[in-house]
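What follows is a short report on a single structure.
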Amino acid sequence: MSGKRTPERVNDFTLKLANVNGTGSASANGLLMKGFFRMGIPVSGKNYFPSNIQGLPTWYEIRVSREGYRARSGTVDLMVAMNAQTYAQDLAGVSPGGYLLYDSTWPRSHALAREDVTVLGAPFAQLCNEAFDGVRTRILMKNMVYVGTLAALLDIDMKVVEQLAKDNFGKKPGLVEANMKAIQLGWDYAKANFECPLPFRVEAMDATGGMVMMDGNTTAGLGCVYAGATVGAWYPITPSTSLMDAYRSFCARFRADPETRERRYCVVQAEDELAAIGMVLGASWAGARAFTPTSGPGISLMSEFIGYGYFTEIPAVIFDVQRVGPSTGLPTRTQQGDITLAAYASHGDTRHPVLFPADPTECFDMAVQAFDLAERLQTPVFVLSDLDIGMNDWLCRAPSWDDSYVPDRGKVLSVAELERIEKFRRYADPDGDGIPWRSLPGVHPKGAYFTRGSGHSEAAGYTEDAGEYERLMERLKRKFAGAAALVPAPVLQRADKKASLGLISVGSCDDAVAEARDQLRAEGIRSDYLRIRAFPFNDDVQAFLDEHERIFIIEQNRDGQLRTLLINECRVDGRRLESILHYDGLPMAAAPLVAAVRERLKQGAAA
Amino acid sequence: MTYIAKPKVAYAGLTHNALGLSRRDYEGALSTLCAGCGHDSVTAAIVQACWELSLPPHRMVKLSGIGCSSKTPAYFVSQAHGINTVHGRMPSVATGAAAANRNLRYLGVSGDGDSLSIGLGQFCHAMRRNVRMLYIIENNGVYGLTKGQFSASADIGSKAKKGEINMQPPIDPVLTALAAGATFVARSFSGDKAQLVPLIKAGLAHEGFALIDVLSPCVTFNDHEDSTKSYAFTRQFYHPAVHTDFVPPAEEIRAGYEQGDAMEVELHDGSHLALRKVETEYDPTNRDAAFVKIHERMQAGEWLTGLLYVETGREDMHALNKTVAEPLATLPFKDLCPGAATLERTLARYR
């Protein structure tokens, strides 16, 4: 090979696996990723899958990073091209100096070869056909054969691989044996035919202590269990479905009576998203902690009820695991396209608290915070995750729990309190914080009132009175303003010296921004970084806007929705806020961000 | 304004139920519907039924969607929580509330527009889930609040007040309910309180979704000569198929029905329904036969009324979910949160 050789690199490369969906590659790829993790090496995985069950191309990208960078690298050092259909595209996607490994049972002509890419062929299908019987087994085992080959090429610890095979298939000893046999086949072939290891390889580290590999839908579902949510209503939609799956399976373990199997939870699969949010509001109104997971199209459908919840002051927790819009969009790709939608969903003057987790650990924490906020504020609260956070396995700090936690159920009148009061006024503001007291059905006759989405007086009677309507709207505005002090504060990271450049970002952009800041600093470009974690914005956000001459707002949508929200909600000249946007549906990488910042700074101040 | 406090006037001779409450205690705000509206009669029947059942008012929940019918929960049982939801979506709110607190009695009032047009999906799915609630449709074939458009229950040939003739076939709530698997399906007429009150009592006692479609004429927009939902038309073509008597638990069923015409149905709480068949060949426990009979008579322009289908023993939403007996809304937090030690163990598989 005459291509440029990659200089030797340890624990710093990207591996991409091109597969056909429905062939069982996910468990092989997961095993690889977990292998790096168990060797103590920081790793992240991104799954690019089609909206399809079987037969279409799917890719899995694993970035190994000793620095702990979790963002997409945007490069490919080793492509495992297991899908003949996308071979040309996959070969083209390899970074200069990289490698491509493919199934040479059907050898490729050299016509497609690239000078700067080393092509390695291993006859995976042939090895499987000789060693295993049955079509399905051969298809599945082919994945494990390439795991073995990669273990040899990258120096993955075979003891770790074997333990993982036992963990994964331990319930069926025959399967462990078969999988290990396949892995060994691939390993042996590589050792006999290739120069192992490659110039980039792994080496055990100790950098994953206290960490787990989890996706954000699983942690959010777990958070709902820990928050004490008892009613979940939903309509299946990618990429949020696995959140309810997780909630349900954790509940089956922790909330079912061991003897009677009676459940301390109720999950209702609704007929559509309109019904799902209706059920959540009904359950919250009746005193349960209730939630619904959905994605953008679901929020569009729920909007009428969200406004109803805002106006009638009923708690609700809505997880929006964002995907690419508009319309059906790209259902299996990631985006942050629902920021303004969530903030202002529904007709009339409405606004809603929105929490923005940046990784699965925060999904867990914010799930719990969302229920506290929804009940404290008596209003629907959004947790705005996205497909990248929700469905990809992230290396993240293990969620933790404090047993002294007491849920904030907000201002709910007890039997004794209802006994004492002369007349219950549901929508009065006796405490001056804009938050009224509520009563739950079935508790006391004096707590009875009529909830209505039409104009209502402080005593919850119907009214079309101009003054009463205005007072109600002003109180709701006050209540929302007060929420700024209750929601999670933004995270501020300052440059080592005073910086005039500010970066503001949100959610799953965080890792790319952090990595980009490191690179920019190495080039002498200092920046302060504010990661927004909630709407409404608190005073720290205003201070950051005031403090910096020039601010780049980094987000994953076309129209700069976070920027729009900042301009609308803060005191700032929009000309000082410049968007850096990424919205092609793939998770954000640091390199294009570094280039964009560099370029903008070169151009000088914005017009 | 639809919220006018109604003075509670106690007069001598006012009778009290087992809770020591009079009918007045089951009333609500003053109705603001048009004078003569059928819906007000339904409200009166609800008040009567709840009083007779001695339901603790605050253990009831009243729900509705949007429309004239949906205003009425404000007019009965003022000591019960009420919720006026969005148009056509009351069933989902009822489902959620019932999921959270299974020990309250849920009474939903809807209309033909609310249930058969905008809310048809939710109406069907609440029946399919067998959510325990009484669901009353006040059916007048017309949109009253928006001044007289046809609803989905308008009959072919029915003439609107402004002269337009409806040519689309109606969606009949009773046939729809039978098709969707409802376990209690009744039809009545706002002008027949004697029939309606026992049906409401039976529906509130039913362990599952109970539908009563009440023909309830709109005096303002659909009570004219060419209407098929007018008082005159309904009275003329209205045929009770089954008379229902509701017998509370521990009370004897009075004898006196003619052999072959009487049926007894025991409900979950120990109460009984004594069904007297006006049409001797009608079997209210046979879904298929009921469907055929009701449909046949509709084709002939007649309304069969009474408890047209009843099925006891079918699992409701909570039985299917295996929910604990105590309401989810009142479970103590310690029974819900698995705690730090369990979290640590749970996370092991993600390491």
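Convention: chains lettered A, B, ... in structure tokens order; per-chain residue numbering from 1; ligands numbered from 1 as shown.
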| said: What's around Lys8 of chain B at 9 Å? Count only C-alpha atoms, leave out sequence neighbours fewer than 3 positions away in its own chain, and write the answer as a PyMOL selection string. | reply: chain B and resi 24-25+27
| Counting only C-alpha atoms, chain A residues within 6 Å of chain B, as a list in words |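 That gives Val212, Met213, Tyr226, Gly228, Glu262, Arg263, Arg264, Ala275, Gly278, Met279, Val280, Gly282, Ala283, Ala286, Gly287, Ala288, Trp401, Asp403, Pro441, Gly442, Pro445, Ala448, Tyr449, Phe450, Thr451, Arg452 and Tyr462 of chain A for chain A.
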| request: Find the spatial neighbours of Pro57 of chain A, counting only C-alpha atoms, within a cut-off of 8 Å - ignore same-chain residues fewer than 4 positions away - and output them as a ChimeraX atom specification. | output: /A:18-21,49-50,83,85-86
| task | Quick one: everything within 9 Å of segment 187-203 of chain A, counting only C-alpha atoms, minus sequence neighbours fewer than 6 positions away in the same chain. Send it as a PyMOL selection string. | result | chain A and resi 5-13+36+39-41+64+77+120+122-123+145-157
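The smallest atom-to-atom distance between Val76 of chain A and any of A:Tyr99, A:Phe305, A:Tyr469, A:Trp285, using only C-alpha atoms, is found for A:Tyr99.
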| What's the 10 Å shell around Ala485 of chain A, counting only C-alpha atoms, without same-chain residues fewer than 4 positions away, as a VMD selection string? | chain A and resid 480 to 481 489 536 to 539
Serialized selection, C-alpha atoms, as a PDB file, in the first residue's frame:
```
ATOM      1  CA  PHE A 480     -43.986  31.936  34.997  1.00  0.00           C
ATOM      2  CA  ALA A 481     -41.484  34.680  35.813  1.00  0.00           C
ATOM      3  CA  ALA A 489     -29.420  27.159  36.405  1.00  0.00           C
ATOM      4  CA  PRO A 536     -37.451  30.515  31.483  1.00  0.00           C
ATOM      5  CA  PHE A 537     -33.951  31.968  31.524  1.00  0.00           C
ATOM      6  CA  ASN A 538     -32.617  33.088  34.870  1.00  0.00           C
ATOM      7  CA  ASP A 539     -30.461  36.118  35.663  1.00  0.00           C
TER       8      ASP A 539
END
```
| Which residues come within 12 Å of Gln493 of chain A, counting only C-alpha atoms, excluding same-chain residues fewer than 6 positions away, as number ranges by chain? | A: 499, 502-505, 510, 513-514, 517-518, 526-532, 544
| request: Please return as a PyMOL selection string: the residues of segment 347-380 of chain A that backbone DSSP assigns to alpha helix (DSSP H). | output: chain A and resi 360-377
| Running DSSP on the backbone, which parts of segment 287-525 of chain A land in strand (DSSP E), as JSON, numbers by chain? | {"A": [290, 291, 292, 293, 294, 316, 317, 318, 319, 320, 321, 322, 354, 355, 380, 381, 382, 383, 384, 385, 386, 394, 395, 396, 397, 450, 451, 452, 491, 492, 493, 501, 502, 503, 504, 505, 506]}
Select from segment 195-230 of chain A every residue with an atom at most 12 Å from any atom of segment 312-323 of chain A, then for each give the shortest pair of atoms and their distance in Å to one decimal, using only C-alpha atoms, rows by chain and rising number, as JSON lines.
```
{"residue": "A:Asp215", "atom": "CA", "partner": "A:Val321", "partner_atom": "CA", "distance": 11.9}
{"residue": "A:Gly216", "atom": "CA", "partner": "A:Val321", "partner_atom": "CA", "distance": 9.3}
{"residue": "A:Asn217", "atom": "CA", "partner": "A:Val321", "partner_atom": "CA", "distance": 8.3}
{"residue": "A:Ala220", "atom": "CA", "partner": "A:Phe319", "partner_atom": "CA", "distance": 8.6}
{"residue": "A:Gly221", "atom": "CA", "partner": "A:Phe319", "partner_atom": "CA", "distance": 9.9}
{"residue": "A:Gly223", "atom": "CA", "partner": "A:Phe319", "partner_atom": "CA", "distance": 11.7}
{"residue": "A:Cys224", "atom": "CA", "partner": "A:Val317", "partner_atom": "CA", "distance": 9.6}
{"residue": "A:Ala227", "atom": "CA", "partner": "A:Val317", "partner_atom": "CA", "distance": 11.3}
{"residue": "A:Ala229", "atom": "CA", "partner": "A:Val317", "partner_atom": "CA", "distance": 9.7}
```
| Long-range neighbours of segment 176-189 of chain B as a ChimeraX atom specification, 8 Å cut-off, only C-alpha atoms, 2 positions minimum in chain | /B:124-125,127-128,130,171-174,191-193,195-196,199,203,206,208-216,234,287,291,304-312,314
Residue subset to file, keeping N, CA and C atoms, as an mmCIF file, in the first residue's frame:
```cif
data_model
loop_
_atom_site.group_PDB
_atom_site.id
_atom_site.type_symbol
_atom_site.label_atom_id
_atom_site.label_comp_id
_atom_site.auth_asym_id
_atom_site.auth_seq_id
_atom_site.Cartn_x
_atom_site.Cartn_y
_atom_site.Cartn_z
ATOM 1 N N CYS B 124 -64.666 5.868 21.315
ATOM 2 C CA CYS B 124 -64.539 4.434 21.028
ATOM 3 C C CYS B 124 -63.456 3.782 21.889
ATOM 4 N N HIS B 125 -62.347 4.485 22.056
ATOM 5 C CA HIS B 125 -61.234 3.861 22.779
ATOM 6 C C HIS B 125 -61.492 3.770 24.284
ATOM 7 N N MET B 127 -64.358 3.062 25.486
ATOM 8 C CA MET B 127 -65.199 1.864 25.587
ATOM 9 C C MET B 127 -64.346 0.612 25.442
ATOM 10 N N ARG B 128 -63.435 0.671 24.491
ATOM 11 C CA ARG B 128 -62.564 -0.475 24.247
ATOM 12 C C ARG B 128 -61.730 -0.803 25.484
ATOM 13 N N ASN B 130 -62.696 -0.182 28.448
ATOM 14 C CA ASN B 130 -63.633 -0.454 29.531
ATOM 15 C C ASN B 130 -63.275 0.343 30.786
ATOM 16 N N ILE B 171 -74.081 8.603 12.398
ATOM 17 C CA ILE B 171 -73.311 7.662 13.219
ATOM 18 C C ILE B 171 -74.129 7.487 14.492
ATOM 19 N N ASP B 172 -74.564 6.262 14.728
ATOM 20 C CA ASP B 172 -75.412 6.043 15.893
ATOM 21 C C ASP B 172 -74.547 5.615 17.086
ATOM 22 N N PRO B 173 -74.644 6.337 18.211
ATOM 23 C CA PRO B 173 -73.776 6.013 19.344
ATOM 24 C C PRO B 173 -74.030 4.617 19.911
ATOM 25 N N VAL B 174 -75.276 4.184 19.868
ATOM 26 C CA VAL B 174 -75.592 2.879 20.446
ATOM 27 C C VAL B 174 -74.981 1.762 19.609
ATOM 28 N N GLY B 191 -87.285 13.237 27.936
ATOM 29 C CA GLY B 191 -88.659 13.435 28.403
ATOM 30 C C GLY B 191 -89.203 12.261 29.198
ATOM 31 N N ASP B 192 -88.404 11.242 29.420
ATOM 32 C CA ASP B 192 -88.884 10.058 30.139
ATOM 33 C C ASP B 192 -88.035 9.821 31.389
ATOM 34 N N LYS B 193 -88.291 10.624 32.397
ATOM 35 C CA LYS B 193 -87.499 10.553 33.630
ATOM 36 C C LYS B 193 -87.656 9.190 34.317
ATOM 37 N N GLN B 195 -87.865 6.352 33.012
ATOM 38 C CA GLN B 195 -86.934 5.388 32.421
ATOM 39 C C GLN B 195 -85.480 5.790 32.699
ATOM 40 N N LEU B 196 -85.214 7.081 32.631
ATOM 41 C CA LEU B 196 -83.842 7.566 32.672
ATOM 42 C C LEU B 196 -83.187 7.411 34.058
ATOM 43 N N LEU B 199 -81.816 4.013 34.819
ATOM 44 C CA LEU B 199 -80.689 3.742 33.915
ATOM 45 C C LEU B 199 -79.421 4.427 34.416
ATOM 46 N N GLY B 203 -76.104 2.602 35.498
ATOM 47 C CA GLY B 203 -74.851 2.949 34.820
ATOM 48 C C GLY B 203 -73.765 3.340 35.817
ATOM 49 N N HIS B 206 -72.464 0.203 37.393
ATOM 50 C CA HIS B 206 -71.825 -0.754 36.482
ATOM 51 C C HIS B 206 -70.302 -0.714 36.595
ATOM 52 N N GLY B 208 -67.555 -0.851 34.792
ATOM 53 C CA GLY B 208 -67.034 -0.768 33.437
ATOM 54 C C GLY B 208 -67.606 0.464 32.773
ATOM 55 N N PHE B 209 -67.464 0.529 31.472
ATOM 56 C CA PHE B 209 -67.939 1.707 30.739
ATOM 57 C C PHE B 209 -69.433 1.570 30.474
ATOM 58 N N ALA B 210 -70.211 2.522 30.944
ATOM 59 C CA ALA B 210 -71.651 2.496 30.712
ATOM 60 C C ALA B 210 -72.049 3.680 29.843
ATOM 61 N N LEU B 211 -72.682 3.404 28.735
ATOM 62 C CA LEU B 211 -73.145 4.479 27.848
ATOM 63 C C LEU B 211 -74.658 4.613 27.922
ATOM 64 N N ILE B 212 -75.117 5.839 28.107
ATOM 65 C CA ILE B 212 -76.540 6.116 27.899
ATOM 66 C C ILE B 212 -76.646 7.221 26.849
ATOM 67 N N ASP B 213 -77.245 6.858 25.722
ATOM 68 C CA ASP B 213 -77.508 7.850 24.680
ATOM 69 C C ASP B 213 -78.894 8.413 24.964
ATOM 70 N N VAL B 214 -78.944 9.684 25.321
ATOM 71 C CA VAL B 214 -80.234 10.286 25.667
ATOM 72 C C VAL B 214 -80.682 11.219 24.543
ATOM 73 N N LEU B 215 -81.780 10.862 23.902
ATOM 74 C CA LEU B 215 -82.341 11.757 22.889
ATOM 75 C C LEU B 215 -82.852 12.980 23.633
ATOM 76 N N SER B 216 -82.273 14.121 23.309
ATOM 77 C CA SER B 216 -82.495 15.304 24.131
ATOM 78 C C SER B 216 -82.698 16.510 23.219
ATOM 79 N N THR B 234 -89.677 12.269 18.565
ATOM 80 C CA THR B 234 -89.122 11.291 19.508
ATOM 81 C C THR B 234 -90.242 10.597 20.271
ATOM 82 N N ARG B 287 -75.240 -9.522 22.358
ATOM 83 C CA ARG B 287 -74.744 -8.354 21.623
ATOM 84 C C ARG B 287 -75.172 -8.380 20.148
ATOM 85 N N PHE B 291 -77.777 -5.816 18.341
ATOM 86 C CA PHE B 291 -77.346 -4.977 17.218
ATOM 87 C C PHE B 291 -78.352 -5.070 16.067
ATOM 88 N N LEU B 304 -85.504 2.143 19.615
ATOM 89 C CA LEU B 304 -85.666 1.210 20.734
ATOM 90 C C LEU B 304 -84.943 1.826 21.920
ATOM 91 N N THR B 305 -85.574 1.800 23.069
ATOM 92 C CA THR B 305 -84.935 2.422 24.233
ATOM 93 C C THR B 305 -84.894 1.469 25.415
ATOM 94 N N GLY B 306 -84.201 1.932 26.449
ATOM 95 C CA GLY B 306 -84.007 1.119 27.649
ATOM 96 C C GLY B 306 -82.582 0.613 27.707
ATOM 97 N N LEU B 307 -82.329 -0.313 28.601
ATOM 98 C CA LEU B 307 -80.998 -0.918 28.691
ATOM 99 C C LEU B 307 -80.905 -1.963 27.591
ATOM 100 N N LEU B 308 -80.255 -1.622 26.512
ATOM 101 C CA LEU B 308 -80.302 -2.453 25.307
ATOM 102 C C LEU B 308 -79.262 -3.566 25.324
ATOM 103 N N TYR B 309 -78.180 -3.353 26.081
ATOM 104 C CA TYR B 309 -77.188 -4.415 26.186
ATOM 105 C C TYR B 309 -76.452 -4.280 27.511
ATOM 106 N N VAL B 310 -76.268 -5.371 28.176
ATOM 107 C CA VAL B 310 -75.486 -5.331 29.419
ATOM 108 C C VAL B 310 -74.672 -6.612 29.555
ATOM 109 N N GLU B 311 -73.434 -6.423 29.978
ATOM 110 C CA GLU B 311 -72.537 -7.558 30.167
ATOM 111 C C GLU B 311 -71.786 -7.303 31.466
ATOM 112 N N THR B 312 -71.917 -8.178 32.424
ATOM 113 C CA THR B 312 -71.189 -7.988 33.686
ATOM 114 C C THR B 312 -70.006 -8.952 33.711
ATOM 115 N N ARG B 314 -66.926 -8.491 32.782
ATOM 116 C CA ARG B 314 -65.777 -8.207 31.918
ATOM 117 C C ARG B 314 -64.777 -7.335 32.686
#
```
| Looking at only C-alpha atoms, which of B:Ser69, B:Met133, B:Leu116, B:Glu138 is the one that sits closest to Ser153 of chain B? |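 Under the stated criterion, the closest residue is B:Leu116.
Going from atom CA of Asp269 of chain B to atom CA of Glu207 of chain B covers 8.3 Å.
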